[in-house]
file data_20.txt (compact mmCIF, C-alpha atoms)
# COMPACT_ATOMS: atom_id res chain seq x y z
CA MET A 1 -52.22 -19.49 -50.65
CA ASN A 2 -52.47 -20.94 -54.16
CA ALA A 3 -50.41 -18.80 -56.53
CA PHE A 4 -53.29 -18.89 -58.96
CA ASP A 5 -55.57 -17.28 -56.38
CA GLY A 6 -52.96 -14.63 -55.63
CA HIS A 7 -52.21 -13.51 -59.18
CA ALA A 8 -54.47 -15.05 -61.74
CA SER A 9 -57.23 -12.49 -61.91
CA SER A 10 -55.04 -9.40 -61.69
CA SER A 11 -54.76 -7.26 -64.79
CA ILE A 12 -51.49 -6.87 -66.64
CA ASP A 13 -50.55 -3.27 -67.35
CA SER A 14 -47.77 -4.12 -69.79
CA PRO A 15 -48.59 -3.71 -73.49
CA ARG A 16 -46.62 -6.88 -74.19
CA LYS A 17 -48.58 -9.92 -75.31
CA ARG A 18 -49.64 -12.22 -72.49
CA LEU A 19 -48.02 -15.66 -72.78
CA LEU A 20 -49.28 -18.55 -70.63
CA ILE A 21 -47.01 -21.58 -70.53
CA ILE A 22 -48.41 -24.95 -69.45
CA ALA A 23 -45.57 -26.92 -67.84
CA MET A 24 -47.16 -29.62 -65.69
CA ALA A 25 -45.10 -32.47 -67.12
CA PRO A 26 -41.54 -31.59 -65.92
CA VAL A 27 -40.25 -34.08 -63.32
CA GLY A 28 -41.99 -37.39 -63.85
CA GLU A 29 -41.64 -38.53 -60.25
CA PRO A 30 -42.30 -36.93 -56.84
CA LEU A 31 -40.10 -33.90 -56.20
CA SER A 32 -38.33 -35.61 -53.29
CA VAL A 33 -37.15 -38.35 -55.69
CA TYR A 34 -36.08 -35.83 -58.33
CA LYS A 35 -33.99 -33.87 -55.83
CA LYS A 36 -31.97 -37.01 -55.09
CA ARG A 37 -31.06 -37.91 -58.66
CA GLY A 38 -32.01 -35.00 -60.94
CA GLY A 39 -32.81 -35.27 -64.62
CA LEU A 40 -34.08 -33.05 -67.43
CA SER A 41 -35.83 -34.05 -70.65
CA GLY A 42 -35.05 -32.50 -74.01
CA GLY A 43 -38.45 -30.80 -74.06
CA ASP A 44 -37.81 -29.27 -70.64
CA ARG A 45 -34.42 -28.01 -71.81
CA ILE A 46 -36.06 -26.40 -74.85
CA LEU A 47 -38.65 -24.75 -72.59
CA ILE A 48 -36.02 -23.29 -70.26
CA GLU A 49 -33.89 -21.90 -73.08
CA LEU A 50 -36.91 -20.37 -74.84
CA LEU A 51 -38.09 -18.87 -71.55
CA LYS A 52 -34.85 -16.95 -71.21
CA LYS A 53 -35.84 -14.98 -74.31
CA TRP A 54 -39.63 -15.13 -74.08
CA GLN A 55 -39.88 -13.70 -70.57
CA VAL A 56 -38.28 -10.54 -71.95
CA LEU A 57 -40.53 -10.33 -75.01
CA PHE A 58 -43.83 -11.33 -73.40
CA SER A 59 -45.67 -10.89 -70.12
CA THR A 60 -45.14 -14.52 -69.12
CA SER A 61 -47.05 -16.72 -66.68
CA ILE A 62 -46.24 -20.39 -66.09
CA LEU A 63 -48.91 -22.86 -65.01
CA THR A 64 -47.04 -25.66 -63.28
CA TRP A 65 -46.68 -27.59 -60.03
CA GLU A 66 -44.07 -27.61 -57.30
CA GLY A 67 -41.60 -29.75 -59.25
CA GLY A 68 -41.92 -27.65 -62.39
CA GLU A 69 -41.33 -24.45 -60.46
CA TYR A 70 -38.35 -26.03 -58.70
CA ILE A 71 -36.69 -26.78 -62.05
CA ILE A 72 -37.63 -23.62 -63.91
CA ARG A 73 -37.16 -21.02 -61.18
CA HIS A 74 -34.79 -22.43 -58.60
CA LEU A 75 -32.43 -24.52 -60.76
CA TYR A 76 -32.37 -22.42 -63.92
CA GLY A 77 -33.08 -18.91 -62.66
CA ILE A 78 -36.22 -18.04 -64.63
CA ASN A 79 -37.32 -15.27 -62.27
CA ASP A 80 -39.00 -12.73 -64.56
CA SER A 81 -42.10 -14.88 -65.07
CA ARG A 82 -45.19 -15.30 -62.89
CA PHE A 83 -45.61 -18.82 -61.50
CA LEU A 84 -49.13 -20.19 -61.11
CA GLU A 85 -48.53 -23.28 -59.02
CA LEU A 86 -51.13 -26.06 -58.76
CA ASN A 87 -51.22 -28.24 -55.65
CA VAL A 88 -50.62 -31.95 -56.35
CA ALA A 89 -49.39 -32.92 -52.87
CA LEU A 90 -51.63 -36.01 -52.67
CA GLY A 91 -50.18 -37.42 -55.90
CA GLN A 92 -46.63 -36.88 -54.64
CA LYS A 93 -47.36 -38.96 -51.56
CA LEU A 94 -48.70 -41.91 -53.56
CA GLY A 95 -46.00 -42.34 -56.24
CA ASP A 96 -45.41 -41.77 -59.96
CA VAL A 97 -48.72 -43.03 -61.38
CA ALA A 98 -50.81 -41.16 -58.81
CA LEU A 99 -48.76 -38.00 -59.36
CA TYR A 100 -49.36 -38.17 -63.11
CA ALA A 101 -53.11 -38.69 -62.57
CA HIS A 102 -53.26 -35.83 -60.05
CA LYS A 103 -51.49 -33.53 -62.52
CA ILE A 104 -54.14 -34.36 -65.13
CA VAL A 105 -57.00 -33.64 -62.72
CA ALA A 106 -55.43 -30.39 -61.47
CA GLY A 107 -54.67 -29.24 -65.00
CA VAL A 108 -58.18 -30.00 -66.26
CA PHE A 109 -59.71 -28.16 -63.29
CA ALA A 110 -57.50 -25.13 -63.98
CA GLY A 111 -58.34 -25.22 -67.67
CA LEU A 112 -62.07 -25.34 -66.97
CA PHE A 113 -62.60 -23.14 -63.95
CA LYS A 114 -59.65 -21.01 -62.80
CA PRO A 115 -60.27 -17.31 -63.50
CA PHE A 116 -57.46 -15.30 -65.05
CA ASP A 117 -56.96 -12.81 -67.85
CA ALA A 118 -57.30 -14.35 -71.31
CA PRO A 119 -53.79 -15.05 -72.65
CA ASP A 120 -52.81 -13.92 -76.13
CA LEU A 121 -50.60 -17.00 -76.45
CA ILE A 122 -50.74 -20.45 -74.86
CA TYR A 123 -47.70 -22.75 -75.05
CA SER A 124 -48.06 -26.41 -74.04
CA SER A 125 -44.51 -27.57 -73.38
CA SER A 126 -44.96 -31.32 -73.99
CA ASP A 127 -47.25 -33.85 -75.66
CA PHE A 128 -48.34 -35.34 -72.32
CA LEU A 129 -51.92 -35.13 -71.05
CA PRO A 130 -51.18 -32.82 -68.06
CA ASP A 131 -49.97 -30.17 -70.54
CA ILE A 132 -52.25 -30.81 -73.52
CA LEU A 133 -55.62 -30.98 -71.75
CA PRO A 134 -55.44 -27.62 -69.92
CA ALA A 135 -54.06 -25.95 -73.06
CA PHE A 136 -56.93 -27.32 -75.15
CA LEU A 137 -59.54 -26.29 -72.56
CA LEU A 138 -58.11 -22.78 -72.30
CA LYS A 139 -58.13 -22.54 -76.08
CA CYS A 140 -61.84 -23.47 -75.99
CA ARG A 141 -62.53 -20.86 -73.30
CA HIS A 142 -60.59 -18.12 -75.07
CA SER A 143 -61.06 -18.68 -78.79
CA GLN A 144 -58.87 -15.72 -79.78
CA SER A 145 -55.87 -17.08 -77.88
CA ARG A 146 -53.18 -18.65 -80.04
CA TRP A 147 -52.19 -22.18 -79.00
CA ILE A 148 -48.56 -23.17 -79.67
CA ALA A 149 -48.17 -26.92 -79.05
CA ALA A 150 -44.85 -28.72 -78.59
CA PHE A 151 -44.76 -32.25 -80.00
CA PHE A 152 -41.27 -33.67 -79.89
CA LEU A 153 -41.52 -37.43 -80.47
CA PHE A 154 -43.97 -39.86 -82.09
CA CYS A 155 -44.34 -43.05 -80.06
CA PRO A 156 -44.12 -46.11 -82.37
CA SER A 157 -47.10 -48.42 -82.64
CA PRO A 158 -47.26 -51.23 -80.05
CA PHE A 159 -47.99 -53.55 -83.00
CA SER A 160 -44.75 -52.61 -84.72
CA PRO A 161 -41.76 -55.00 -84.51
CA ASP A 162 -39.67 -51.96 -83.59
CA PHE A 163 -41.77 -51.14 -80.50
CA PRO A 164 -39.05 -50.65 -77.86
CA TYR A 165 -41.14 -51.41 -74.76
CA ARG A 166 -40.62 -55.08 -73.95
CA GLY A 167 -41.66 -57.48 -71.20
CA ARG A 168 -43.05 -55.81 -68.10
CA ASN A 169 -42.65 -52.38 -69.73
CA TYR A 170 -45.03 -53.24 -72.59
CA TYR A 171 -48.13 -51.92 -70.84
CA LYS A 172 -46.38 -48.69 -69.90
CA GLY A 173 -45.56 -48.19 -73.58
CA LEU A 174 -49.12 -49.10 -74.59
CA VAL A 175 -50.60 -46.47 -72.25
CA TYR A 176 -48.13 -43.90 -73.58
CA TYR A 177 -49.10 -44.73 -77.18
CA VAL A 178 -52.85 -44.48 -76.51
CA SER A 179 -52.59 -41.21 -74.57
CA GLN A 180 -50.31 -39.69 -77.21
CA PHE A 181 -52.69 -40.78 -79.98
CA PHE A 182 -55.39 -38.71 -78.29
CA CYS A 183 -53.06 -35.74 -77.69
CA LYS A 184 -51.63 -35.60 -81.21
CA HIS A 185 -55.11 -35.44 -82.73
CA LEU A 186 -56.16 -32.67 -80.35
CA ILE A 187 -53.05 -30.76 -81.43
CA LYS A 188 -53.63 -31.49 -85.10
CA ARG A 189 -57.22 -30.26 -84.94
CA PHE A 190 -56.99 -27.26 -82.61
CA ALA A 191 -53.43 -25.89 -82.22
CA ASP A 192 -52.50 -22.77 -84.19
CA VAL A 193 -48.75 -23.44 -84.33
CA VAL A 194 -46.90 -26.71 -83.71
CA PHE A 195 -43.26 -27.13 -82.69
CA VAL A 196 -41.57 -30.37 -83.81
CA THR A 197 -37.91 -31.32 -83.64
CA SER A 198 -37.28 -32.98 -87.01
CA GLU A 199 -38.40 -32.58 -90.61
CA PRO A 200 -40.04 -36.04 -90.94
CA ASP A 201 -42.53 -35.06 -88.19
CA VAL A 202 -43.88 -32.02 -90.06
CA ALA A 203 -46.27 -33.66 -92.55
CA PHE A 204 -48.67 -35.06 -89.93
CA PHE A 205 -49.49 -31.59 -88.60
CA VAL A 206 -49.97 -29.81 -91.95
CA THR A 207 -53.71 -29.37 -92.56
CA LYS A 208 -56.04 -27.06 -94.49
CA ARG A 209 -56.25 -24.77 -91.45
CA ARG A 210 -52.55 -25.02 -90.55
CA PRO A 211 -50.17 -24.45 -93.48
CA ARG A 212 -46.61 -25.70 -93.56
CA GLU A 213 -45.14 -22.44 -92.23
CA ARG A 214 -47.06 -22.89 -88.96
CA VAL A 215 -45.28 -26.18 -88.19
CA LEU A 216 -41.82 -25.16 -86.98
CA VAL A 217 -38.83 -27.49 -86.82
CA ILE A 218 -37.03 -26.12 -83.79
CA GLN A 219 -34.72 -29.06 -82.90
CA GLY A 220 -33.30 -27.56 -79.71
CA GLY A 221 -29.82 -26.32 -78.97
CA VAL A 222 -26.70 -26.51 -76.83
CA ASP A 223 -24.90 -24.23 -74.40
CA VAL A 224 -21.81 -23.60 -76.52
CA GLU A 225 -20.73 -20.67 -74.35
CA THR A 226 -20.26 -22.81 -71.23
CA SER A 227 -18.50 -25.59 -73.15
CA LEU A 228 -15.91 -23.08 -74.38
CA LYS A 229 -15.17 -21.95 -70.81
CA VAL A 230 -14.11 -25.46 -69.72
CA GLY A 231 -10.57 -26.26 -70.81
CA PRO A 232 -9.22 -29.59 -72.11
CA GLN A 233 -9.51 -32.55 -69.73
CA PRO A 234 -7.38 -35.72 -69.46
CA LEU A 235 -8.76 -38.33 -71.87
CA VAL A 236 -9.96 -41.14 -69.61
CA TYR A 237 -12.83 -42.72 -71.57
CA ASP A 238 -12.97 -44.14 -75.06
CA ALA A 239 -16.64 -43.25 -75.38
CA LEU A 240 -19.51 -41.44 -73.70
CA PHE A 241 -23.25 -42.04 -73.49
CA ILE A 242 -25.55 -39.29 -72.23
CA GLY A 243 -29.33 -39.58 -71.95
CA ARG A 244 -32.27 -41.12 -70.10
CA PHE A 245 -32.14 -44.84 -69.37
CA HIS A 246 -35.22 -45.48 -71.47
CA PRO A 247 -36.02 -47.97 -74.28
CA GLN A 248 -36.17 -45.13 -76.81
CA LYS A 249 -32.50 -44.30 -76.15
CA GLY A 250 -31.30 -47.83 -76.92
CA VAL A 251 -29.58 -48.25 -73.56
CA LEU A 252 -29.80 -52.06 -73.54
CA GLU A 253 -28.55 -52.10 -77.12
CA LEU A 254 -25.73 -49.87 -75.85
CA ILE A 255 -24.54 -52.62 -73.52
CA ASP A 256 -24.53 -55.20 -76.32
CA ILE A 257 -22.68 -52.79 -78.62
CA TRP A 258 -20.17 -52.03 -75.89
CA SER A 259 -19.49 -55.73 -75.29
CA GLU A 260 -18.73 -56.08 -79.04
CA PHE A 261 -16.38 -53.10 -78.85
CA VAL A 262 -14.54 -54.47 -75.82
CA ARG A 263 -13.66 -57.54 -77.87
CA MET A 264 -11.86 -55.19 -80.25
CA LYS A 265 -10.28 -53.01 -77.52
CA LYS A 266 -9.77 -54.91 -74.28
CA ASP A 267 -9.00 -51.90 -72.07
CA ALA A 268 -11.92 -49.77 -73.31
CA ARG A 269 -13.82 -47.56 -70.85
CA LEU A 270 -17.27 -46.00 -71.18
CA ALA A 271 -18.66 -43.00 -69.29
CA ILE A 272 -22.45 -43.01 -68.80
CA ILE A 273 -24.31 -39.82 -67.79
CA GLY A 274 -28.01 -40.05 -66.99
CA TYR A 275 -30.55 -42.02 -65.03
CA GLY A 276 -33.80 -43.92 -65.53
CA TYR A 277 -35.78 -47.00 -64.66
CA LEU A 278 -33.67 -49.28 -66.90
CA GLU A 279 -30.47 -48.73 -64.89
CA GLY A 280 -30.81 -52.04 -63.06
CA GLU A 281 -31.33 -53.94 -66.30
CA MET A 282 -28.36 -52.18 -67.89
CA LYS A 283 -26.05 -53.20 -65.05
CA ALA A 284 -27.39 -56.76 -64.98
CA LEU A 285 -26.84 -57.13 -68.73
CA ALA A 286 -23.36 -55.58 -68.46
CA GLU A 287 -22.46 -58.06 -65.73
CA LYS A 288 -23.80 -60.93 -67.85
CA ARG A 289 -21.70 -59.74 -70.82
CA GLY A 290 -18.64 -59.34 -68.59
CA VAL A 291 -18.19 -55.59 -69.20
CA LEU A 292 -19.60 -54.01 -66.03
CA ALA A 293 -16.13 -53.10 -64.74
CA SER A 294 -15.48 -51.03 -67.87
CA LEU A 295 -18.51 -48.79 -67.25
CA THR A 296 -18.65 -45.70 -65.04
CA PHE A 297 -22.16 -44.48 -64.12
CA PHE A 298 -22.20 -40.79 -63.17
CA GLY A 299 -25.94 -40.30 -62.70
CA PHE A 300 -27.46 -36.97 -63.74
CA LEU A 301 -24.94 -34.18 -64.34
CA ASP A 302 -25.38 -30.67 -65.66
CA GLY A 303 -23.37 -27.53 -66.33
CA VAL A 304 -19.61 -27.46 -65.89
CA GLU A 305 -19.49 -30.85 -64.14
CA LYS A 306 -21.14 -32.53 -67.13
CA ILE A 307 -18.88 -30.78 -69.62
CA ARG A 308 -15.75 -31.91 -67.77
CA VAL A 309 -16.82 -35.54 -68.06
CA MET A 310 -17.74 -35.12 -71.74
CA LYS A 311 -14.34 -33.59 -72.49
CA SER A 312 -12.66 -36.58 -70.86
CA ALA A 313 -14.07 -38.91 -73.56
CA LYS A 314 -13.13 -39.37 -77.21
CA MET A 315 -16.52 -39.93 -78.88
CA VAL A 316 -20.24 -39.93 -78.09
CA LEU A 317 -22.58 -42.89 -78.66
CA HIS A 318 -26.20 -42.29 -79.67
CA PRO A 319 -27.76 -45.76 -80.09
CA ALA A 320 -31.41 -44.55 -80.04
CA THR A 321 -33.78 -47.04 -81.66
CA TYR A 322 -36.43 -44.42 -82.41
CA ASP A 323 -35.94 -40.70 -82.04
CA SER A 324 -36.92 -37.30 -83.34
CA GLY A 325 -33.31 -36.20 -82.95
CA GLY A 326 -32.07 -35.62 -79.42
CA MET A 327 -29.90 -32.79 -78.12
CA ALA A 328 -27.59 -34.72 -75.80
CA ALA A 329 -25.23 -35.93 -78.52
CA CYS A 330 -24.82 -32.38 -79.82
CA GLU A 331 -23.78 -31.24 -76.33
CA ALA A 332 -20.88 -33.66 -76.77
CA PHE A 333 -20.29 -32.31 -80.30
CA ALA A 334 -19.73 -28.87 -78.76
CA CYS A 335 -17.03 -30.45 -76.58
CA GLY A 336 -15.23 -31.87 -79.62
CA LEU A 337 -16.60 -35.42 -79.59
CA PRO A 338 -17.65 -36.99 -82.92
CA GLY A 339 -20.43 -39.58 -82.68
CA VAL A 340 -21.82 -42.92 -83.82
CA SER A 341 -25.53 -43.64 -84.22
CA PHE A 342 -27.99 -45.84 -86.04
CA ASP A 343 -29.16 -44.46 -89.39
CA LEU A 344 -32.58 -43.26 -88.21
CA PRO A 345 -34.40 -40.99 -90.73
CA ALA A 346 -34.67 -38.11 -88.23
CA LEU A 347 -30.92 -38.16 -87.56
CA ARG A 348 -30.09 -37.58 -91.23
CA THR A 349 -31.41 -34.02 -90.89
CA TYR A 350 -30.59 -33.62 -87.19
CA TYR A 351 -26.95 -34.71 -87.52
CA PRO A 352 -26.04 -34.35 -91.20
CA ARG A 353 -22.36 -34.39 -90.27
CA GLY A 354 -20.19 -35.25 -87.27
CA MET A 355 -22.02 -38.57 -86.74
CA LEU A 356 -21.12 -41.92 -88.32
CA LYS A 357 -24.41 -43.58 -89.28
CA THR A 358 -24.82 -47.34 -88.80
CA PRO A 359 -27.36 -49.59 -90.56
CA CYS A 360 -30.38 -50.12 -88.25
CA PHE A 361 -29.96 -52.03 -85.92
CA ASP A 362 -26.66 -53.76 -86.57
CA LYS A 363 -24.82 -53.78 -83.24
CA THR A 364 -21.65 -55.32 -84.65
CA ALA A 365 -21.45 -52.66 -87.38
CA PHE A 366 -22.00 -49.99 -84.71
CA ALA A 367 -19.03 -51.30 -82.71
CA LYS A 368 -16.91 -51.41 -85.88
CA ASN A 369 -17.73 -47.76 -86.57
CA MET A 370 -16.59 -46.91 -83.05
CA TYR A 371 -13.33 -48.76 -83.61
CA ALA A 372 -12.83 -47.03 -86.97
CA LEU A 373 -13.19 -43.62 -85.31
CA LEU A 374 -10.53 -44.46 -82.73
CA THR A 375 -8.03 -46.01 -85.14
CA ASP A 376 -8.39 -43.88 -88.27
CA THR A 377 -6.81 -40.54 -87.36
CA ASP A 378 -7.93 -38.75 -90.54
CA LEU A 379 -11.54 -39.93 -90.10
CA PHE A 380 -11.54 -38.92 -86.44
CA GLU A 381 -10.21 -35.43 -87.08
CA ARG A 382 -12.62 -34.84 -89.96
CA MET A 383 -15.62 -36.01 -87.93
CA LYS A 384 -14.46 -34.00 -84.90
CA SER A 385 -14.16 -30.84 -87.01
CA ASP A 386 -17.64 -31.42 -88.46
CA ALA A 387 -19.13 -32.00 -85.00
CA ILE A 388 -17.66 -28.78 -83.58
CA ASP A 389 -18.72 -26.76 -86.62
CA LEU A 390 -22.30 -28.11 -86.55
CA SER A 391 -22.72 -27.39 -82.84
CA HIS A 392 -21.26 -23.89 -83.01
CA THR A 393 -22.87 -22.64 -86.22
CA VAL A 394 -26.28 -24.34 -86.07
CA TRP A 395 -26.98 -25.52 -82.51
CA ASP A 396 -25.78 -22.65 -80.32
CA TRP A 397 -28.77 -21.66 -78.16
CA ARG A 398 -27.88 -17.99 -78.49
CA VAL A 399 -28.46 -18.30 -82.23
CA ARG A 400 -31.24 -20.87 -82.23
CA SER A 401 -33.60 -19.25 -79.69
CA HIS A 402 -33.33 -15.99 -81.61
CA ARG A 403 -34.17 -17.74 -84.90
CA ILE A 404 -37.12 -19.60 -83.37
CA THR A 405 -38.57 -16.38 -81.99
CA GLU A 406 -37.82 -14.50 -85.21
CA VAL A 407 -39.83 -17.03 -87.23
CA LEU A 408 -42.58 -17.35 -84.62
CA LEU A 409 -43.48 -13.70 -84.07
CA PRO A 410 -44.85 -12.97 -87.57
CA LEU A 411 -47.02 -16.10 -87.33
CA LEU A 412 -48.64 -14.72 -84.18
CA GLU A 413 -49.56 -11.30 -85.54
CA SER A 414 -52.90 -12.38 -87.03
CA ARG A 415 -55.72 -13.42 -84.73
CA SER A 416 -56.54 -17.09 -84.28
CA GLY A 417 -59.78 -16.65 -86.18
CA ASP A 418 -57.84 -15.44 -89.24
CA ILE A 419 -56.52 -18.96 -89.89
CA PRO A 420 -58.77 -20.58 -92.51
CA THR A 421 -60.85 -23.48 -91.26
call {"tool": "encode", "arguments": {"input": "data_20.txt", "output": "structure tokens"}}
result
Amino acid sequence: MNAFDGHASSSIDSPRKRLLIIAMAPVGEPLSVYKKRGGLSGGDRILIELLKKWQVLFSTSILTWEGGEYIIRHLYGINDSRFLELNVALGQKLGDVALYAHKIVAGVFAGLFKPFDAPDLIYSSSDFLPDILPAFLLKCRHSQSRWIAAFFLFCPSPFSPDFPYRGRNYYKGLVYYVSQFFCKHLIKRFADVVFVTSEPDVAFFVTKRRPRERVLVIQGGVDVETSLKVGPQPLVYDALFIGRFHPQKGVLELIDIWSEFVRMKKDARLAIIGYGYLEGEMKALAEKRGVLASLTFFGFLDGVEKIRVMKSAKMVLHPATYDSGGMAACEAFACGLPGVSFDLPALRTYYPRGMLKTPCFDKTAFAKNMYALLTDTDLFERMKSDAIDLSHTVWDWRVRSHRITEVLLPLLESRSGDIPT
């Protein structure tokens, strides 16, 4: 039986506000593929951490599919929420593109026709069509519902010289840009509150009907508590990279930077945590540059296992070529690793300390910053202290989720119609 059919139309006796979360986007591939290699986006991590607090404050329902429920309930223990699972079995059988299309169709159908109690709050957990379209349609059906939209990264223009999607990936990037263009304007026009992850992203969403205080910079957070439970590890790696193998994360630039660094330190070793469709290209480029033997690919790791690997490295590399911030590097900060990145505007507010900034996109200068961290003891200790302090005082999820909710609740007290149009 469809979970929607079993629970959707039942009344909720609790006086708490009804929160409906749209989480169709988690797991970008069929669930069988995900179970083999894992993976979790920054937006999904934010959703899970917020849910830990929100499911206590609100009467929470989650509109998702089998993969979303697998992550949220079974991997991360979110059990005090009602799951409204949509069937996308046909899409799973036919591959990634078909799964994405089936999610869109299922989400639109739910948004238009599925009967359930009008939510007080609607939260779309990503800027992808399977999350945005049902949220928008539900907002149209229930005009007094408040729509909170998450928008965590602006895709650069395909006509920009900095567009990271190259070669055979260009059309994938083009489709992403076009679909996001549509989604961001739906959000700008109809959402009541918008979550972004860096200050430079705020201005686009400020309108006459949505003042500045309704665009919240939430950034994300890290699990400081678990990092403190894992003791010191033998230092095996000179550096660590953690993230998706995606053009945005600068993973091919990472290989070029690493080859420059190996010229400076012949015995250097790099730990790489993550997965993605560029893994083959990364390894091919590393072999071409003669540095493949110095790399250790761990795949997707989480929890204590991930922290042990992070604590076995000396610094974290964040060579993103465009980014709204990114939480992965700060996970390493919490483990005592200072970092090196390009000097992207978003990172100036995201990582004001603990991260050596490199002129964009000078790979040689990036490698020199890495070498300076390893050879200048005073610089290393100062950057390490800054990284730990930033992660513990600003990024701790126990603090951050409370602050996000503390700021959000007053914004939700007035009805949607009270916002000037």
call {"tool": "closest_residue", "arguments": {"input": "data_20.txt", "among": "A:Lys288, A:Arg210, A:Lys36, A:Arg16", "to": "A:Tyr275", "atoms": "all atoms listed in the file"}}
result
A:Lys36
call {"tool": "closest_atom_pairs", "arguments": {"input": "data_20.txt", "of": "stretch 12-69 of chain A", "to": "stretch 244-253 of chain A", "cutoff": "12 Å", "atoms": "all atoms listed in the file", "output": "JSON lines"}}
result
{"residue": "A:Arg37", "atom": "CA", "partner": "A:Arg244", "partner_atom": "CA", "distance": 11.9}
{"residue": "A:Gly38", "atom": "CA", "partner": "A:Arg244", "partner_atom": "CA", "distance": 11.0}
{"residue": "A:Gly39", "atom": "CA", "partner": "A:Arg244", "partner_atom": "CA", "distance": 8.0}
{"residue": "A:Leu40", "atom": "CA", "partner": "A:Arg244", "partner_atom": "CA", "distance": 8.7}
{"residue": "A:Ser41", "atom": "CA", "partner": "A:Arg244", "partner_atom": "CA", "distance": 7.9}
{"residue": "A:Gly42", "atom": "CA", "partner": "A:Arg244", "partner_atom": "CA", "distance": 9.9}
call {"tool": "atom_distance", "arguments": {"input": "data_20.txt", "atom1": "atom CA of A:Ser145", "atom2": "atom CA of A:Tyr176"}}
result
28.2 Å
call {"tool": "atom_distance", "arguments": {"input": "data_20.txt", "atom1": "atom CA of A:Leu19", "atom2": "atom CA of A:Thr60"}}
result
4.8 Å
call {"tool": "atom_distance", "arguments": {"input": "data_20.txt", "atom1": "atom CA of A:Gly67", "atom2": "atom CA of A:Val175"}}
result
23.0 Å
